[in-house]
Structure formats: C-alpha cells, structure tokens
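Visitor: Got input_21.cif for you, mmCIF, C-alpha atoms:
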```cif
data_coords
#
loop_
_atom_site.group_PDB
_atom_site.id
_atom_site.type_symbol
_atom_site.label_atom_id
_atom_site.label_comp_id
_atom_site.auth_asym_id
_atom_site.auth_seq_id
_atom_site.Cartn_x
_atom_site.Cartn_y
_atom_site.Cartn_z
ATOM 1 C CA MET A 13 -0.550 -37.110 145.276
ATOM 2 C CA LYS A 14 -1.627 -37.085 148.918
ATOM 3 C CA LYS A 15 -1.112 -40.851 149.135
ATOM 4 C CA ILE A 16 2.393 -40.502 147.712
ATOM 5 C CA PHE A 17 3.284 -37.777 150.214
ATOM 6 C CA LEU A 18 1.901 -39.848 153.090
ATOM 7 C CA LEU A 19 3.724 -42.985 151.958
ATOM 8 C CA PHE A 20 6.977 -41.047 151.677
ATOM 9 C CA PHE A 21 6.604 -39.685 155.190
ATOM 10 C CA VAL A 22 5.607 -43.046 156.678
ATOM 11 C CA LEU A 23 8.712 -44.596 155.166
ATOM 12 C CA LEU A 24 10.823 -41.922 156.800
ATOM 13 C CA LEU A 25 9.276 -42.674 160.171
ATOM 14 C CA ALA A 26 9.768 -46.382 159.675
ATOM 15 C CA VAL A 27 13.463 -45.931 158.980
ATOM 16 C CA GLY A 28 13.702 -43.802 162.097
ATOM 17 C CA CYS A 29 15.482 -40.651 163.176
ATOM 18 C CA LYS A 30 18.746 -39.979 164.911
ATOM 19 C CA HIS A 31 19.793 -37.303 167.328
ATOM 20 C CA SER A 32 22.550 -34.841 166.463
ATOM 21 C CA SER A 33 25.140 -33.720 168.997
ATOM 22 C CA SER A 34 23.012 -30.618 169.591
ATOM 23 C CA GLY A 35 20.081 -32.784 170.687
ATOM 24 C CA GLN A 36 18.059 -31.993 167.569
ATOM 25 C CA ILE A 37 16.351 -34.777 165.635
ATOM 26 C CA THR A 38 17.774 -35.139 162.139
ATOM 27 C CA LEU A 39 16.880 -37.454 159.290
ATOM 28 C CA PRO A 40 19.529 -39.432 157.415
ATOM 29 C CA LYS A 41 20.598 -37.446 154.367
ATOM 30 C CA ASP A 42 19.820 -40.278 151.966
ATOM 31 C CA GLN A 43 16.221 -40.548 153.179
ATOM 32 C CA ILE A 44 15.065 -37.191 151.795
ATOM 33 C CA THR A 45 15.148 -37.166 148.013
ATOM 34 C CA ASN A 46 13.476 -35.170 145.285
ATOM 35 C CA GLN A 47 11.901 -38.304 143.801
ATOM 36 C CA MET A 48 8.752 -37.613 145.820
ATOM 37 C CA TYR A 49 7.961 -34.914 143.250
ATOM 38 C CA PHE A 50 7.765 -37.433 140.419
ATOM 39 C CA ALA A 51 4.146 -38.155 141.286
ATOM 40 C CA ASP A 52 1.406 -39.476 139.053
ATOM 41 C CA LYS A 53 0.391 -35.907 138.291
ATOM 42 C CA PRO A 54 1.971 -32.437 138.668
ATOM 43 C CA ILE A 55 1.905 -30.683 142.014
ATOM 44 C CA VAL A 56 0.269 -27.278 142.422
ATOM 45 C CA SER A 57 2.203 -24.932 144.720
ATOM 46 C CA ALA A 58 0.492 -21.754 145.927
ATOM 47 C CA HIS A 59 2.753 -18.735 145.376
ATOM 48 C CA ARG A 60 3.078 -16.627 148.561
ATOM 49 C CA ALA A 61 0.854 -19.252 150.220
ATOM 50 C CA GLY A 62 -2.129 -18.137 148.156
ATOM 51 C CA LYS A 63 -3.060 -14.922 146.358
ATOM 52 C CA GLY A 64 -6.226 -13.326 145.036
ATOM 53 C CA ILE A 65 -8.555 -15.049 147.507
ATOM 54 C CA PRO A 66 -11.068 -12.687 149.141
ATOM 55 C CA GLY A 67 -10.654 -12.655 152.905
ATOM 56 C CA TYR A 68 -7.417 -14.630 152.813
ATOM 57 C CA PRO A 69 -4.105 -12.707 152.678
ATOM 58 C CA GLU A 70 -0.865 -13.914 151.156
ATOM 59 C CA ASN A 71 1.786 -15.383 153.489
ATOM 60 C CA CYS A 72 -0.895 -16.135 156.058
ATOM 61 C CA LEU A 73 -1.349 -19.305 158.122
ATOM 62 C CA GLN A 74 -5.127 -19.140 157.818
ATOM 63 C CA THR A 75 -4.798 -19.013 154.024
ATOM 64 C CA ILE A 76 -2.656 -22.141 154.101
ATOM 65 C CA GLN A 77 -5.275 -23.813 156.267
ATOM 66 C CA HIS A 78 -8.053 -22.756 153.870
ATOM 67 C CA LEU A 79 -6.226 -24.016 150.780
ATOM 68 C CA ARG A 80 -5.169 -27.235 152.483
ATOM 69 C CA LYS A 81 -8.845 -28.038 153.044
ATOM 70 C CA LYS A 82 -9.356 -27.466 149.304
ATOM 71 C CA GLY A 83 -6.686 -30.031 148.406
ATOM 72 C CA ILE A 84 -3.603 -27.837 147.950
ATOM 73 C CA HIS A 85 -0.570 -29.387 149.664
ATOM 74 C CA SER A 86 2.360 -27.166 148.655
ATOM 75 C CA PHE A 87 2.975 -23.518 149.553
ATOM 76 C CA GLU A 88 5.749 -21.046 148.732
ATOM 77 C CA ILE A 89 6.301 -18.586 151.580
ATOM 78 C CA ASP A 90 8.562 -15.578 152.223
ATOM 79 C CA ILE A 91 10.602 -15.297 155.419
ATOM 80 C CA PHE A 92 11.966 -12.225 157.198
ATOM 81 C CA GLU A 93 13.423 -11.668 160.673
ATOM 82 C CA SER A 94 11.916 -9.190 163.121
ATOM 83 C CA ALA A 95 14.031 -6.861 165.260
ATOM 84 C CA SER A 96 13.327 -9.295 168.114
ATOM 85 C CA GLY A 97 15.020 -12.088 166.191
ATOM 86 C CA ASP A 98 11.867 -14.023 165.312
ATOM 87 C CA LEU A 99 11.414 -15.520 161.855
ATOM 88 C CA MET A 100 8.081 -14.426 160.384
ATOM 89 C CA LEU A 101 6.236 -14.414 157.050
ATOM 90 C CA MET A 102 5.892 -11.459 154.690
ATOM 91 C CA HIS A 103 6.988 -10.691 151.155
ATOM 92 C CA ASP A 104 7.241 -6.890 151.311
ATOM 93 C CA ASP A 105 9.946 -5.021 153.223
ATOM 94 C CA LYS A 106 7.365 -2.605 154.617
ATOM 95 C CA LEU A 107 3.901 -2.695 156.121
ATOM 96 C CA GLY A 108 1.045 -1.121 154.169
ATOM 97 C CA ARG A 109 0.193 -3.252 151.177
ATOM 98 C CA THR A 110 -0.406 -6.608 152.875
ATOM 99 C CA ALA A 111 -0.818 -5.462 156.485
ATOM 100 C CA THR A 112 -2.041 -2.506 158.492
ATOM 101 C CA GLY A 113 0.425 -0.044 159.991
ATOM 102 C CA GLU A 114 3.609 1.535 158.729
ATOM 103 C CA GLY A 115 7.284 0.743 159.006
ATOM 104 C CA VAL A 116 10.099 -1.501 157.806
ATOM 105 C CA VAL A 117 9.245 -4.955 159.091
ATOM 106 C CA SER A 118 12.826 -5.998 159.869
ATOM 107 C CA GLN A 119 13.208 -2.917 162.076
ATOM 108 C CA MET A 120 10.094 -3.658 164.124
ATOM 109 C CA THR A 121 9.781 -5.926 167.147
ATOM 110 C CA THR A 122 7.646 -9.019 167.095
ATOM 111 C CA GLU A 123 5.331 -7.402 169.621
ATOM 112 C CA GLN A 124 4.818 -4.415 167.326
ATOM 113 C CA LEU A 125 4.218 -6.605 164.295
ATOM 114 C CA LEU A 126 1.668 -8.808 166.041
ATOM 115 C CA LYS A 127 -0.463 -5.757 166.742
ATOM 116 C CA GLU A 128 -1.120 -5.345 163.017
ATOM 117 C CA HIS A 129 -3.632 -7.221 160.863
ATOM 118 C CA LEU A 130 -3.049 -8.739 157.453
ATOM 119 C CA LYS A 131 -4.940 -7.484 154.381
ATOM 120 C CA ASP A 132 -6.160 -9.585 151.496
ATOM 121 C CA ASP A 133 -5.185 -8.811 147.901
ATOM 122 C CA PHE A 134 -8.125 -6.457 147.590
ATOM 123 C CA GLY A 135 -6.995 -4.225 150.453
ATOM 124 C CA LYS A 136 -9.531 -5.530 152.963
ATOM 125 C CA GLU A 137 -8.306 -5.842 156.546
ATOM 126 C CA THR A 138 -8.686 -9.315 158.048
ATOM 127 C CA PRO A 139 -8.489 -10.503 161.674
ATOM 128 C CA TYR A 140 -5.326 -12.464 160.907
ATOM 129 C CA GLN A 141 -1.853 -11.640 162.262
ATOM 130 C CA ILE A 142 1.557 -11.799 160.613
ATOM 131 C CA PRO A 143 2.496 -15.427 161.299
ATOM 132 C CA LEU A 144 5.589 -16.775 162.998
ATOM 133 C CA LEU A 145 7.463 -19.303 160.876
ATOM 134 C CA LYS A 146 7.589 -21.775 163.763
ATOM 135 C CA ASP A 147 3.784 -21.791 163.951
ATOM 136 C CA VAL A 148 3.467 -22.371 160.198
ATOM 137 C CA LEU A 149 6.018 -25.204 160.317
ATOM 138 C CA ALA A 150 4.260 -26.814 163.270
ATOM 139 C CA TRP A 151 0.841 -26.681 161.585
ATOM 140 C CA CYS A 152 2.163 -28.009 158.280
ATOM 141 C CA LYS A 153 3.916 -30.852 160.094
ATOM 142 C CA GLN A 154 0.620 -31.961 161.597
ATOM 143 C CA HIS A 155 -1.460 -31.508 158.449
ATOM 144 C CA ASP A 156 0.617 -33.001 155.645
ATOM 145 C CA ALA A 157 1.533 -29.692 154.015
ATOM 146 C CA TYR A 158 4.774 -28.870 152.223
ATOM 147 C CA LEU A 159 6.631 -25.565 152.142
ATOM 148 C CA MET A 160 9.026 -23.851 149.768
ATOM 149 C CA LEU A 161 10.961 -21.339 151.845
ATOM 150 C CA ASP A 162 12.056 -18.080 150.207
ATOM 151 C CA PHE A 163 14.568 -15.997 152.158
ATOM 152 C CA LYS A 164 14.489 -12.230 152.434
ATOM 153 C CA LYS A 165 17.885 -10.573 152.068
ATOM 154 C CA GLY A 166 20.170 -11.084 155.053
ATOM 155 C CA ILE A 167 18.270 -13.980 156.611
ATOM 156 C CA SER A 168 20.521 -16.577 158.248
ATOM 157 C CA TYR A 169 20.320 -19.896 156.408
ATOM 158 C CA SER A 170 21.490 -21.669 159.551
ATOM 159 C CA LYS A 171 18.793 -20.093 161.694
ATOM 160 C CA VAL A 172 16.060 -21.184 159.314
ATOM 161 C CA ALA A 173 17.525 -24.684 158.976
ATOM 162 C CA ASP A 174 17.733 -25.047 162.760
ATOM 163 C CA LEU A 175 14.077 -24.062 163.124
ATOM 164 C CA VAL A 176 13.055 -26.521 160.408
ATOM 165 C CA ARG A 177 14.910 -29.263 162.266
ATOM 166 C CA ALA A 178 13.395 -28.249 165.598
ATOM 167 C CA GLU A 179 9.937 -28.745 164.072
ATOM 168 C CA GLN A 180 11.062 -31.974 162.332
ATOM 169 C CA MET A 181 10.062 -30.568 158.936
ATOM 170 C CA GLN A 182 13.204 -31.523 156.999
ATOM 171 C CA ALA A 183 11.267 -33.867 154.729
ATOM 172 C CA GLN A 184 8.518 -31.338 154.036
ATOM 173 C CA VAL A 185 10.467 -28.254 152.927
ATOM 174 C CA VAL A 186 12.368 -27.032 149.892
ATOM 175 C CA LEU A 187 14.895 -24.242 150.494
ATOM 176 C CA ILE A 188 14.886 -21.675 147.685
ATOM 177 C CA SER A 189 18.080 -20.330 146.118
ATOM 178 C CA TYR A 190 18.510 -18.264 142.963
ATOM 179 C CA ASN A 191 21.995 -19.210 141.806
ATOM 180 C CA ALA A 192 24.690 -21.834 142.288
ATOM 181 C CA GLU A 193 26.508 -19.912 145.030
ATOM 182 C CA GLN A 194 23.359 -19.571 147.137
ATOM 183 C CA ALA A 195 22.578 -23.237 146.560
ATOM 184 C CA LYS A 196 26.046 -24.242 147.773
ATOM 185 C CA ALA A 197 25.650 -22.081 150.876
ATOM 186 C CA LEU A 198 22.318 -23.735 151.674
ATOM 187 C CA TYR A 199 23.745 -27.189 151.038
ATOM 188 C CA ARG A 200 26.543 -26.541 153.522
ATOM 189 C CA VAL A 201 24.132 -25.724 156.347
ATOM 190 C CA ALA A 202 21.270 -28.064 155.397
ATOM 191 C CA PRO A 203 22.654 -30.992 153.377
ATOM 192 C CA GLU A 204 19.714 -33.213 154.317
ATOM 193 C CA MET A 205 17.075 -30.870 152.869
ATOM 194 C CA LEU A 206 15.966 -30.257 149.289
ATOM 195 C CA ILE A 207 17.166 -27.128 147.495
ATOM 196 C CA SER A 208 15.494 -25.248 144.660
ATOM 197 C CA VAL A 209 17.797 -23.376 142.290
ATOM 198 C CA THR A 210 17.130 -21.354 139.149
ATOM 199 C CA VAL A 211 17.832 -23.424 136.018
ATOM 200 C CA ARG A 212 16.547 -21.705 132.906
ATOM 201 C CA ASN A 213 18.964 -23.122 130.351
ATOM 202 C CA GLN A 214 21.714 -25.680 129.812
ATOM 203 C CA GLU A 215 24.428 -23.303 131.024
ATOM 204 C CA GLU A 216 22.717 -22.812 134.392
ATOM 205 C CA LEU A 217 22.101 -26.558 134.637
ATOM 206 C CA ASP A 218 25.777 -27.318 134.009
ATOM 207 C CA ARG A 219 26.748 -24.759 136.642
ATOM 208 C CA ILE A 220 24.608 -26.324 139.354
ATOM 209 C CA LEU A 221 25.683 -29.863 138.432
ATOM 210 C CA ASN A 222 29.296 -28.801 138.897
ATOM 211 C CA THR A 223 28.718 -27.635 142.486
ATOM 212 C CA GLY A 224 28.931 -31.118 143.951
ATOM 213 C CA ILE A 225 25.375 -30.953 145.292
ATOM 214 C CA HIS A 226 23.788 -34.366 144.881
ATOM 215 C CA LYS A 227 21.169 -34.179 142.156
ATOM 216 C CA GLU A 228 18.764 -36.082 144.412
ATOM 217 C CA LYS A 229 18.660 -32.933 146.569
ATOM 218 C CA LEU A 230 17.879 -30.523 143.720
ATOM 219 C CA VAL A 231 14.690 -29.017 142.364
ATOM 220 C CA ALA A 232 15.052 -26.871 139.237
ATOM 221 C CA PHE A 233 13.099 -23.614 139.027
ATOM 222 C CA THR A 234 12.918 -23.008 135.294
ATOM 223 C CA GLY A 235 11.677 -19.428 135.584
ATOM 224 C CA VAL A 236 8.425 -17.593 134.944
ATOM 225 C CA HIS A 237 8.575 -18.225 131.195
ATOM 226 C CA LEU A 238 8.561 -21.557 129.402
ATOM 227 C CA ALA A 239 12.053 -22.904 128.898
ATOM 228 C CA ASP A 240 13.133 -24.816 125.820
ATOM 229 C CA ASP A 241 11.640 -28.292 125.635
ATOM 230 C CA SER A 242 15.150 -29.744 125.587
ATOM 231 C CA LEU A 243 15.771 -28.458 129.116
ATOM 232 C CA TYR A 244 12.715 -30.223 130.549
ATOM 233 C CA LYS A 245 13.742 -33.386 128.707
ATOM 234 C CA LYS A 246 17.245 -33.212 130.167
ATOM 235 C CA LEU A 247 15.978 -32.559 133.698
ATOM 236 C CA ASN A 248 13.673 -35.570 133.442
ATOM 237 C CA GLU A 249 16.552 -37.721 132.234
ATOM 238 C CA LEU A 250 18.530 -36.606 135.288
ATOM 239 C CA ARG A 251 15.483 -37.180 137.532
ATOM 240 C CA ILE A 252 15.619 -33.577 138.753
ATOM 241 C CA PRO A 253 12.057 -32.248 139.156
ATOM 242 C CA SER A 254 11.289 -28.952 137.474
ATOM 243 C CA ILE A 255 9.182 -26.038 138.698
ATOM 244 C CA LEU A 256 7.474 -23.667 136.283
ATOM 245 C CA GLY A 257 6.518 -20.298 137.735
ATOM 246 C CA THR A 258 3.213 -19.602 136.022
ATOM 247 C CA LEU A 259 2.687 -16.675 138.402
ATOM 248 C CA GLY A 260 2.379 -13.544 136.310
ATOM 249 C CA ASN A 261 2.193 -13.785 132.531
ATOM 250 C CA LEU A 262 1.549 -17.515 132.184
ATOM 251 C CA ASP A 263 -1.287 -17.453 134.718
ATOM 252 C CA LYS A 264 -2.775 -14.509 132.836
ATOM 253 C CA ARG A 265 -2.443 -16.364 129.552
ATOM 254 C CA ALA A 266 -4.271 -19.384 130.974
ATOM 255 C CA GLU A 267 -6.975 -17.175 132.432
ATOM 256 C CA ALA A 268 -7.527 -15.546 129.048
ATOM 257 C CA ARG A 269 -7.174 -18.578 126.774
ATOM 258 C CA GLY A 270 -8.294 -21.434 129.012
ATOM 259 C CA ASN A 271 -7.006 -23.504 131.895
ATOM 260 C CA HIS A 272 -6.265 -26.372 129.534
ATOM 261 C CA LEU A 273 -2.923 -24.638 128.983
ATOM 262 C CA TYR A 274 -1.676 -25.996 132.323
ATOM 263 C CA GLN A 275 -2.187 -29.534 131.036
ATOM 264 C CA GLU A 276 -0.360 -28.687 127.819
ATOM 265 C CA TRP A 277 2.594 -27.279 129.753
ATOM 266 C CA ALA A 278 2.630 -30.331 132.021
ATOM 267 C CA LYS A 279 3.187 -32.546 128.977
ATOM 268 C CA LYS A 280 6.631 -30.956 128.634
ATOM 269 C CA GLY A 281 7.669 -32.831 131.774
ATOM 270 C CA ILE A 282 7.060 -30.227 134.472
ATOM 271 C CA GLN A 283 6.480 -31.649 137.950
ATOM 272 C CA ILE A 284 5.554 -28.521 139.969
ATOM 273 C CA PHE A 285 3.523 -25.437 139.072
ATOM 274 C CA SER A 286 4.077 -22.345 141.233
ATOM 275 C CA THR A 287 0.954 -20.303 140.629
ATOM 276 C CA ASP A 288 -1.164 -17.394 141.798
ATOM 277 C CA ARG A 289 -4.219 -19.386 140.648
ATOM 278 C CA PRO A 290 -4.024 -22.556 142.762
ATOM 279 C CA PHE A 291 -7.579 -23.660 141.912
ATOM 280 C CA ALA A 292 -7.122 -23.276 138.143
ATOM 281 C CA PRO A 293 -4.762 -26.136 137.189
ATOM 282 C CA LYS A 294 -6.677 -29.424 136.998
ATOM 283 C CA PHE A 295 -4.413 -32.427 136.771
#
```
Written as structure tokens, that's how I'd like the structure from this file.
Guide:
Amino acid sequence: MKKIFLLFFVLLLAVGCKHSSSGQITLPKDQITNQMYFADKPIVSAHRAGKGIPGYPENCLQTIQHLRKKGIHSFEIDIFESASGDLMLMHDDKLGRTATGEGVVSQMTTEQLLKEHLKDDFGKETPYQIPLLKDVLAWCKQHDAYLMLDFKKGISYSKVADLVRAEQMQAQVVLISYNAEQAKALYRVAPEMLISVTVRNQEELDRILNTGIHKEKLVAFTGVHLADDSLYKKLNELRIPSILGTLGNLDKRAEARGNHLYQEWAKKGIQIFSTDRPFAPKF
C-alpha cells in the first residue's frame, strides 16, 4: 500500500503543478483520482486519528505520528474553528471529555485552547495540545499520511480547501460529506479533491451519480453497518471505492468473534475500513 501511495504521489510531482491566480499551487483536476484506493489490499483508516490507545488521545498529532510509525497511513479527523479563526482538531463541541478545561471550543480563542492538554480515552491527561489543522497537514505532507476531513457544523468549506491547497495536500485528503447536497457544495469549492459521501443503498447511489460530480472524485461511505452485497458489487463496477465504518458495533463484533471478520468483510469488495481498532485488521 505504501508503495502505491508513493508511486501515485511521485507521478503527480512528475506531471507538475500550476499556479492559480491567487498564487496558490493547485494540481490539475484529472491528476487526483480515487483509483489510488484500489490497492492490492484494503486500507485501514484510524477513526478520529486513533482511539483507545493509552497515552495517545483522539484527534491528536502525536497519535497520528505514533500510528504512522506502526504502519497506519490514513486518518479521519474532525475540524472546528476557534474564536480566533484558526482551524483546529476536536470532535466534541466542548472541552472536558478529550481535553482539560471547560467551555465551548468554538467560542474560545486559540490562545485559550492551547493552554489545555488533551486526554486519552481513559481520561488520563497527556502533555499534548489541541492541534492546529495546518500543523497536521504539514506533518502528513512530509510523512506520507492521508487524511479524511470531517467538518463540524458551520465550518467554511472554502477556508478548509484553501488551507489544504496552501499545504499542497490536495492529493492526500478526502473531504467528508453526508449527503448529495453537501457533496455538491464541496465539489464547487474543491473540484480537484476527493469527496466522501454516504451511500448506503442504490437510491443514495443514484442520487449522488445524478449530481454531476465525476465518479473518479467520489468515495462511498456505506455506513456503520454492512450494506447489501449488491451495493458493493455495483460500486466496484463503477470503480468507486467504498468505506465501511466498522467503528462501533462491527469493531465490537470482531473483537468478540475474531479479527478474521475484517478479512471476510473485505471479500465483499470494500477498499477502506474506518475503525476504532486500527491494529486489529490484518490484510
């Protein structure tokens, strides 16, 4: 998988970049396609950048660094905007569960937020700070890591896309949407980037195919339950990679019955597993 990612990126560099009128470096739209996810084996993506790891909090740069050393390349992260206008990482709307302090994170300044420390999933305080998205993008750019960006309510798609471009990470991100309208909005502001959209059945697939978004830019999130086999077959025929969210019940099922279940699910034609157990799937 690593070799495929590296080859894909080298090809992009070989083709070259061009400058937009704003001075930002952009990649030609036809050079970033979802075919990179049709690797020789499924890709494991760490939900919230890694959960359940003692000493390593979710949505934390140091957790990404730790997992990257262990061979995990893909990370789903949650983005919010501080009162200072900085894009940062955290899933919850408030401090307390995953970080020290109190307060609504979007109503706090960056300076206030950086004074707090992240907690791991067991409530233990760590020395790590709430990370800035730009720092996470910059590190991932340099270390061959890939990000799936989940937007908190009200976050500007354009602002995130501009930051991704500023860090030249267009080829290493997937922008997450939950319905066809959100996907269209993301496609308008970031047509060169890949977009994940919820596709749990044929009706939702037809809806997204009718948006005019090129299928080479789509990744299908098929939910946190197994979809019908016919859906995975159809997505593979269309060459649209599918994501299965094993986080939650499916991860628990595999933990109870055996990790061989991930291999069985992969046989359905699933390319990406979004999981809270990134070390469990063995492909």
Visitor: Box time for segment 288-295 of chain A: axis-aligned, enclosing all its listed atoms, 3 Å extra on each side; report centre and edge lengths in Å to one decimal, as JSON.
Guide:
```
{"center_x": -4.4, "center_y": -24.9, "center_z": 139.8, "size_x": 12.4, "size_y": 21.0, "size_z": 12.0}
```
Visitor: Take the PyMOL selection byres ((chain A and resi 192) around 12), apply it to the structure above, and return the hits as JSON, numbers by chain.
Guide: {"A": [188, 189, 190, 191, 193, 194, 195, 196, 197, 198, 199, 207, 208, 209, 210, 211, 215, 216, 217, 218, 219, 220, 221, 222, 223, 224, 225, 230, 232]}
Visitor: List the residues matched by the PyMOL selection byres ((chain A and resi 162) around 12) in the displayed structure as an MDAnalysis selection string, ordered by chain and then by residue number.
Guide: chainID A and resid 59:61 71 87:92 99:103 145 159:161 163:169 172 185:190 194 198 207:209
Visitor: Which residues of segment 175-280 of chain A have any atom within 10 Å of an atom in segment 42-52 of chain A when counting all atoms listed in the file, and what is the closest pair of atoms for each, with the distance in Å to one decimal? Order the rows by chain and rising number and write it as a tab-separated table.
Guide:
```
residue	atom	partner	partner_atom	distance
A:Gln182	CA	A:Ile44	CA	7.9
A:Ala183	CA	A:Ile44	CA	5.8
A:Gln184	CA	A:Ile44	CA	9.1
A:Val186	CA	A:Asn46	CA	9.4
A:Pro203	CA	A:Asp42	CA	9.8
A:Glu204	CA	A:Ile44	CA	6.6
A:Met205	CA	A:Ile44	CA	6.7
A:Leu206	CA	A:Asn46	CA	6.8
A:Ile207	CA	A:Asn46	CA	9.1
A:His226	CA	A:Thr45	CA	9.6
A:Lys227	CA	A:Asn46	CA	8.4
A:Glu228	CA	A:Thr45	CA	5.2
A:Lys229	CA	A:Thr45	CA	5.7
A:Leu230	CA	A:Asn46	CA	6.6
A:Val231	CA	A:Asn46	CA	6.9
A:Asn248	CA	A:Phe50	CA	9.3
A:Arg251	CA	A:Gln47	CA	7.3
A:Ile252	CA	A:Asn46	CA	7.1
A:Pro253	CA	A:Tyr49	CA	6.4
A:Ser254	CA	A:Tyr49	CA	8.9
```
Visitor: Of the candidates A:Lys146, A:Lys264, A:Lys81, A:Arg200, which one gets nearest to Asp98 of chain A if we count only C-alpha atoms?
Guide: A:Lys146
Visitor: Which residues, written as a ChimeraX atom specification, have at least one atom at most 7 Å from Val148 of chain A, with all atoms listed in the file counted and residues fewer than 4 positions away on the same chain left out?
Guide: /A:73,144,152
Visitor: With a distance cut-off of 12 Å and only C-alpha atoms, select the neighbouring residues of Gly115 of chain A, excluding the residue or stretch itself and same-chain residues fewer than 6 positions from it, and output the selection as a list in words.
Guide: Ser94, Ala95, Asp104, Asp105, Lys106, Leu107, Gly108, Arg109, Thr121, Gln124, Leu125 and Glu128 of chain A
Visitor: Using only C-alpha atoms, find the one residue out of A:Gln275, A:Thr112, A:Gln283, A:Thr234 that sits nearest to Gly135 of chain A.
Guide: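 For Gly135 of chain A, the nearest of the given residues is A:Thr112.
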Visitor: Add whatever atoms are absent from segment 147-154 of chain A to reach all heavy atoms, and provide the output as a PDB file, in the coordinates of the input.
Guide:
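That gives us out.pdb:
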```
ATOM      1  N   ASP A 147       5.188 -21.381 163.894  1.00  0.00           N
ATOM      2  CA  ASP A 147       3.784 -21.791 163.951  1.00  0.00           C
ATOM      3  C   ASP A 147       3.332 -22.411 162.624  1.00  0.00           C
ATOM      4  O   ASP A 147       2.562 -23.374 162.601  1.00  0.00           O
ATOM      5  CB  ASP A 147       2.893 -20.601 164.302  1.00  0.00           C
ATOM      6  CG  ASP A 147       3.120 -20.091 165.715  1.00  0.00           C
ATOM      7  OD1 ASP A 147       3.618 -20.865 166.562  1.00  0.00           O
ATOM      8  OD2 ASP A 147       2.819 -18.905 165.972  1.00  0.00           O
ATOM      9  N   VAL A 148       3.811 -21.837 161.521  1.00  0.00           N
ATOM     10  CA  VAL A 148       3.467 -22.371 160.198  1.00  0.00           C
ATOM     11  C   VAL A 148       4.091 -23.754 160.020  1.00  0.00           C
ATOM     12  O   VAL A 148       3.438 -24.693 159.548  1.00  0.00           O
ATOM     13  CB  VAL A 148       3.936 -21.407 159.094  1.00  0.00           C
ATOM     14  CG1 VAL A 148       3.701 -22.018 157.716  1.00  0.00           C
ATOM     15  CG2 VAL A 148       3.203 -20.071 159.205  1.00  0.00           C
ATOM     16  N   LEU A 149       5.356 -23.902 160.410  1.00  0.00           N
ATOM     17  CA  LEU A 149       6.018 -25.204 160.317  1.00  0.00           C
ATOM     18  C   LEU A 149       5.278 -26.245 161.154  1.00  0.00           C
ATOM     19  O   LEU A 149       5.053 -27.369 160.699  1.00  0.00           O
ATOM     20  CB  LEU A 149       7.471 -25.092 160.785  1.00  0.00           C
ATOM     21  CG  LEU A 149       8.434 -24.325 159.875  1.00  0.00           C
ATOM     22  CD1 LEU A 149       9.752 -24.060 160.610  1.00  0.00           C
ATOM     23  CD2 LEU A 149       8.709 -25.093 158.585  1.00  0.00           C
ATOM     24  N   ALA A 150       4.926 -25.866 162.377  1.00  0.00           N
ATOM     25  CA  ALA A 150       4.260 -26.814 163.270  1.00  0.00           C
ATOM     26  C   ALA A 150       2.916 -27.265 162.703  1.00  0.00           C
ATOM     27  O   ALA A 150       2.575 -28.459 162.761  1.00  0.00           O
ATOM     28  CB  ALA A 150       4.081 -26.182 164.652  1.00  0.00           C
ATOM     29  N   TRP A 151       2.140 -26.321 162.146  1.00  0.00           N
ATOM     30  CA  TRP A 151       0.841 -26.681 161.585  1.00  0.00           C
ATOM     31  C   TRP A 151       1.018 -27.579 160.365  1.00  0.00           C
ATOM     32  O   TRP A 151       0.305 -28.587 160.219  1.00  0.00           O
ATOM     33  CB  TRP A 151       0.046 -25.440 161.214  1.00  0.00           C
ATOM     34  CG  TRP A 151      -1.379 -25.760 160.877  1.00  0.00           C
ATOM     35  CD1 TRP A 151      -2.444 -25.805 161.723  1.00  0.00           C
ATOM     36  CD2 TRP A 151      -1.882 -26.138 159.575  1.00  0.00           C
ATOM     37  NE1 TRP A 151      -3.578 -26.185 161.044  1.00  0.00           N
ATOM     38  CE2 TRP A 151      -3.273 -26.396 159.734  1.00  0.00           C
ATOM     39  CE3 TRP A 151      -1.295 -26.276 158.317  1.00  0.00           C
ATOM     40  CZ2 TRP A 151      -4.072 -26.780 158.666  1.00  0.00           C
ATOM     41  CZ3 TRP A 151      -2.099 -26.672 157.253  1.00  0.00           C
ATOM     42  CH2 TRP A 151      -3.468 -26.919 157.424  1.00  0.00           C
ATOM     43  N   CYS A 152       1.942 -27.229 159.494  1.00  0.00           N
ATOM     44  CA  CYS A 152       2.163 -28.009 158.280  1.00  0.00           C
ATOM     45  C   CYS A 152       2.658 -29.415 158.611  1.00  0.00           C
ATOM     46  O   CYS A 152       2.321 -30.383 157.914  1.00  0.00           O
ATOM     47  CB  CYS A 152       3.151 -27.289 157.363  1.00  0.00           C
ATOM     48  SG  CYS A 152       2.473 -25.789 156.604  1.00  0.00           S
ATOM     49  N   LYS A 153       3.454 -29.535 159.668  1.00  0.00           N
ATOM     50  CA  LYS A 153       3.916 -30.852 160.094  1.00  0.00           C
ATOM     51  C   LYS A 153       2.730 -31.743 160.450  1.00  0.00           C
ATOM     52  O   LYS A 153       2.688 -32.929 160.089  1.00  0.00           O
ATOM     53  CB  LYS A 153       4.835 -30.689 161.308  1.00  0.00           C
ATOM     54  CG  LYS A 153       5.301 -32.003 161.938  1.00  0.00           C
ATOM     55  CD  LYS A 153       6.248 -32.723 161.019  1.00  0.00           C
ATOM     56  CE  LYS A 153       6.799 -33.972 161.673  1.00  0.00           C
ATOM     57  NZ  LYS A 153       7.723 -34.673 160.743  1.00  0.00           N
ATOM     58  N   GLN A 154       1.760 -31.190 161.120  1.00  0.00           N
ATOM     59  CA  GLN A 154       0.620 -31.961 161.597  1.00  0.00           C
ATOM     60  C   GLN A 154      -0.443 -32.205 160.526  1.00  0.00           C
ATOM     61  O   GLN A 154      -1.285 -33.088 160.681  1.00  0.00           O
ATOM     62  CB  GLN A 154      -0.027 -31.243 162.792  1.00  0.00           C
ATOM     63  CG  GLN A 154       0.866 -31.161 164.010  1.00  0.00           C
ATOM     64  CD  GLN A 154       1.249 -32.531 164.544  1.00  0.00           C
ATOM     65  OE1 GLN A 154       0.416 -33.434 164.610  1.00  0.00           O
ATOM     66  NE2 GLN A 154       2.510 -32.692 164.920  1.00  0.00           N
TER      67      GLN A 154
END
```
